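The structure appears below as structure tokens.
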Amino acid sequence: MRNITIESNNGSFNYSLISSIEGVIGKIEGILNSHSCFYIVDSNVHKIYHNQFKHLFNQKNCFVLNATEEYKSFDSIYRIYDFLLENNADRSSYIIVIGGGITGDTGSFAASSFMRGTRLIHVPTTLLAMVDSSIGGKTGVNYKKYKNFIGSFYEPEQVITSSKFLSTLKQEDVLSGMGEVLKYALIDSNFFDYCFSWLDGSLDLPEDDLLYLIGKSAQIKNDVVTQDKKDLKMRHSLNLGHTFGHAIESVSGFSVKHGIGVIAGMRGATYLANKMGIMEDKVMEKVLDLLGRYKVDEKINTYSTDSIYLAMQGDKRE
Ligand code: GLY
């Protein structure tokens, strides 16, 4: 298996998809030779991989973050600031955030604001983080009842990852990540044709297919984001199906994972577009065919249409 590096038109997107976790570690070691590094690590990742990373992590450089929504908060941010201060981090230090979306958003917000911003590297370990949240510089925490309400746009210098991290991911989390991959298929017609021909709903994908899906998704996301970094227009396309999706997540009390809500949400958006007369029947059928290969009904059909509709009206879209 090869390493993939995605270059961007503006030269600033440094995304390495590496064939092994040892390769990811090797790349971090290269940075560590000349800089002080601090790690903010997802508690689940720390549990599984701390042995492999043990020569890098110590008590003075490794902050373990509980990766649940309630810890995506200012309280965690203050604890990270204290940890960085106590251990003499400064603006030239690298903060290396290792984990899924919650750790990525929280850790990168701390990195963007500590001493007005340190150097930042993302090591996404979930499919969703690999194809979505580690790309495009959105950082943030929840505030009161609002999700991702306070944050910043702050791009990492590098994203370094390996599909090997996915071998320890729960199937539900792989399905959630696939929700975002399918979203890119609906944004890019060539990618749609590929997905339509090759994806059958299985979550156990051959390594090469997985690499292609991650690399292509990351590329599409980066292409969209570079046209609208501050999310004022073009980037809104990345919210496809998300108004429905967020509402489903919200009425489930966030027991439905984000990307699973997005799969159901894109189905809702597809029906709606057809009903509004802006999507032809045959396009709708093809889109629903692809989305329907990923089974999510069991997870969402206990929620009433009325409650989803009500929640949609309060959606902020991020
Ligand atoms: N996840 C949507 C965005 O990054 O804009």
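Letters A, B, ... go to the chains of the structure tokens in the order shown; residues in each chain start at 1; ligands are counted from 1 in the same order.
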
Spatial neighbours of segment 94-109 of chain A, 8 Å, only C-alpha atoms, chain gap at least 4 places, as a ChimeraX atom specification: /A:35-42,45,65,67-69,72-73,76-77,113,118-126,128-129,133-134,138-141,151-152,154

Let me have all residues with an atom within 9 Å of ligand 1, counting only C-alpha atoms and all ligand atoms, laid out as a count of residues only. 21

Using only C-alpha atoms, tabulate the residues of segment 251-292 of chain A lying at most 9 Å from any atom of segment 240-247 of chain A, each with its closest atom pair and that distance in Å to one decimal, by chain and increasing residue number, as JSON lines.
{"residue": "A:Val251", "atom": "CA", "partner": "A:Ala247", "partner_atom": "CA", "distance": 6.1}
{"residue": "A:Ser252", "atom": "CA", "partner": "A:Ala247", "partner_atom": "CA", "distance": 8.5}
{"residue": "A:His258", "atom": "CA", "partner": "A:Gly245", "partner_atom": "CA", "distance": 7.1}
{"residue": "A:Gly259", "atom": "CA", "partner": "A:Gly245", "partner_atom": "CA", "distance": 7.9}
{"residue": "A:Ile260", "atom": "CA", "partner": "A:Gly245", "partner_atom": "CA", "distance": 7.7}
{"residue": "A:Gly261", "atom": "CA", "partner": "A:Gly245", "partner_atom": "CA", "distance": 4.1}
{"residue": "A:Val262", "atom": "CA", "partner": "A:Gly245", "partner_atom": "CA", "distance": 4.4}
{"residue": "A:Ile263", "atom": "CA", "partner": "A:Gly245", "partner_atom": "CA", "distance": 7.4}
{"residue": "A:Ala264", "atom": "CA", "partner": "A:Gly245", "partner_atom": "CA", "distance": 6.5}
{"residue": "A:Gly265", "atom": "CA", "partner": "A:Gly245", "partner_atom": "CA", "distance": 4.4}
{"residue": "A:Met266", "atom": "CA", "partner": "A:Gly241", "partner_atom": "CA", "distance": 4.0}
{"residue": "A:Arg267", "atom": "CA", "partner": "A:Gly241", "partner_atom": "CA", "distance": 7.4}
{"residue": "A:Gly268", "atom": "CA", "partner": "A:Phe244", "partner_atom": "CA", "distance": 6.7}
{"residue": "A:Ala269", "atom": "CA", "partner": "A:Gly241", "partner_atom": "CA", "distance": 5.5}
{"residue": "A:Thr270", "atom": "CA", "partner": "A:Gly241", "partner_atom": "CA", "distance": 8.2}

Store the residues picked out above in a file with C-alpha atoms, as a PDB file, in the first residue's frame.
ATOM      1  CA  VAL A 251     -34.026  14.370  18.778  1.00  0.00           C
ATOM      2  CA  SER A 252     -32.062  11.190  19.496  1.00  0.00           C
ATOM      3  CA  HIS A 258     -23.526  12.450  13.043  1.00  0.00           C
ATOM      4  CA  GLY A 259     -22.834  10.726   9.711  1.00  0.00           C
ATOM      5  CA  ILE A 260     -25.715   8.288  10.225  1.00  0.00           C
ATOM      6  CA  GLY A 261     -28.052  11.265  10.640  1.00  0.00           C
ATOM      7  CA  VAL A 262     -26.466  12.709   7.496  1.00  0.00           C
ATOM      8  CA  ILE A 263     -27.248   9.577   5.432  1.00  0.00           C
ATOM      9  CA  ALA A 264     -30.893   9.760   6.499  1.00  0.00           C
ATOM     10  CA  GLY A 265     -30.795  13.549   6.065  1.00  0.00           C
ATOM     11  CA  MET A 266     -29.522  13.324   2.497  1.00  0.00           C
ATOM     12  CA  ARG A 267     -32.413  10.975   1.725  1.00  0.00           C
ATOM     13  CA  GLY A 268     -34.790  13.576   3.149  1.00  0.00           C
ATOM     14  CA  ALA A 269     -33.130  16.349   1.144  1.00  0.00           C
ATOM     15  CA  THR A 270     -33.333  14.221  -2.014  1.00  0.00           C
TER      16      THR A 270
END

Please give the complete set of residues from segment 139-253 of chain A that DSSP, run on the backbone, assigns to alpha helix (DSSP H), formatted as a PyMOL selection string. chain A and resi 171-187+189-198+207-227+242-251

Check the smallest atom-to-atom distance from each of A:Asp200, A:Asp188, A:Asp75, A:Glu86 to Gln59 of chain A using only C-alpha atoms, then report the winner. A:Glu86

Could you give me, as a PyMOL selection string, the residues within 10 Å of Ser217 of chain A, counting only C-alpha atoms and dropping anything in the same chain fewer than 5 positions from it? chain A and resi 130-132+180-185+188+191+211-212+222-223

Keeping N, CA and C atoms, export the residues of the selection given above as a short mmCIF file (atom, residue, chain, number, x, y, z; two decimals), in the first residue's frame.
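Written output follows (part_2.cif):
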data_model
loop_
_atom_site.label_atom_id
_atom_site.label_comp_id
_atom_site.auth_asym_id
_atom_site.auth_seq_id
_atom_site.Cartn_x
_atom_site.Cartn_y
_atom_site.Cartn_z
N MET A 130 -11.09 11.83 9.33
CA MET A 130 -10.17 11.77 8.19
C MET A 130 -10.72 12.49 6.97
N VAL A 131 -12.05 12.35 6.75
CA VAL A 131 -12.61 12.89 5.51
C VAL A 131 -13.29 14.23 5.71
N ASP A 132 -13.50 14.63 6.96
CA ASP A 132 -14.26 15.87 7.15
C ASP A 132 -13.63 16.80 8.18
N GLU A 180 -20.37 10.92 5.43
CA GLU A 180 -19.70 12.09 4.84
C GLU A 180 -19.07 11.72 3.49
N VAL A 181 -18.56 10.49 3.36
CA VAL A 181 -18.01 10.06 2.06
C VAL A 181 -19.13 10.13 1.00
N LEU A 182 -20.32 9.64 1.35
CA LEU A 182 -21.44 9.66 0.39
C LEU A 182 -21.85 11.09 0.05
N LYS A 183 -21.71 11.97 1.02
CA LYS A 183 -22.01 13.39 0.74
C LYS A 183 -21.10 13.92 -0.37
N TYR A 184 -19.80 13.55 -0.31
CA TYR A 184 -18.89 14.01 -1.38
C TYR A 184 -19.29 13.40 -2.72
N ALA A 185 -19.86 12.18 -2.67
CA ALA A 185 -20.31 11.56 -3.92
C ALA A 185 -21.45 12.39 -4.53
N ASP A 188 -19.71 15.56 -6.19
CA ASP A 188 -18.78 15.39 -7.33
C ASP A 188 -19.28 14.22 -8.20
N PHE A 191 -17.04 11.14 -8.76
CA PHE A 191 -16.94 10.34 -7.54
C PHE A 191 -18.25 9.58 -7.31
N LEU A 211 -8.55 3.48 0.87
CA LEU A 211 -7.58 4.55 0.60
C LEU A 211 -8.11 5.51 -0.44
N TYR A 212 -8.70 4.94 -1.49
CA TYR A 212 -9.23 5.80 -2.55
C TYR A 212 -10.35 6.68 -2.01
N ASN A 222 -11.22 19.59 0.46
CA ASN A 222 -10.24 20.67 0.38
C ASN A 222 -10.54 21.62 -0.79
N ASP A 223 -10.97 21.05 -1.92
CA ASP A 223 -11.29 21.89 -3.08
C ASP A 223 -12.43 22.86 -2.75
#

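The shortest atom-to-atom distance to Ser16 of chain A, with only C-alpha atoms taken into account, belongs to A:Thr161 out of A:Ser112, A:Thr161, A:Ser250, A:Ser255.
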
Strand (DSSP E) call set, DSSP backbone run, segment 22-225 of chain A, as a VMD selection string: chain A and resid 37 to 42 62 to 65 94 to 99 119 to 124 138 to 143 146 to 153 158 to 161

Pairwise distance for atom CA of Glu29 of chain A and atom CA of Phe57 of chain A, rounded to one decimal in Å: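 Separating atom CA of Glu29 of chain A from atom CA of Phe57 of chain A is a distance of 11.4 Å.
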
Just the residues within 7 Å of Ile308 of chain A, please, counting only C-alpha atoms, with nothing from its chain fewer than 3 positions along; format it as a PyMOL selection string. chain A and resi 247-248+251+304-305+311-312

Would you mind exporting the chosen residues as a PDB file, in the first residue's frame, restricted to C-alpha atoms?
ATOM      1  CA  ALA A 247     -32.401  17.367  13.662  1.00  0.00           C
ATOM      2  CA  ILE A 248     -32.289  13.560  13.795  1.00  0.00           C
ATOM      3  CA  VAL A 251     -34.026  14.370  18.778  1.00  0.00           C
ATOM      4  CA  SER A 304     -41.486  11.147  14.857  1.00  0.00           C
ATOM      5  CA  THR A 305     -41.634  13.381  11.804  1.00  0.00           C
ATOM      6  CA  ALA A 311     -35.743  20.392  15.578  1.00  0.00           C
ATOM      7  CA  MET A 312     -34.991  21.381  11.969  1.00  0.00           C
TER       8      MET A 312
END

In Å, rounded to a single decimal, give me how far atom CA of Leu290 of chain A is from atom CA of Phe192 of chain A. 8.9 Å

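Of note, atom CA of Asn14 of chain A and atom CA of Phe153 of chain A are spaced 16.8 Å apart.
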
Between A:Ile150, A:Ile160, A:Leu84, A:Ala110, which has the minimum distance to Lys27 of chain A (counting only C-alpha atoms)? A:Ile160

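Nearest residue to Lys216 of chain A, choosing from A:Leu175, A:Val283, A:Ile25, A:Ile187 and counting only C-alpha atoms: A:Ile187.
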
Which residues, written as number ranges by chain, have at least one atom at most 10 Å from Phe53 of chain A, with only C-alpha atoms counted and residues fewer than 3 positions away on the same chain left out? A: 21-22, 25, 46, 49-50, 56-58

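Between Met284 of chain A and the residues A:Ser162, A:Asp90, A:Leu186, A:Asp208, the shortest atom-to-atom distance, using only C-alpha atoms, involves A:Leu186.
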
I'd like to know which of A:Val287, A:Leu199, A:Met115, A:Met178 is closest to Lys257 of chain A, using only C-alpha atoms. A:Met178
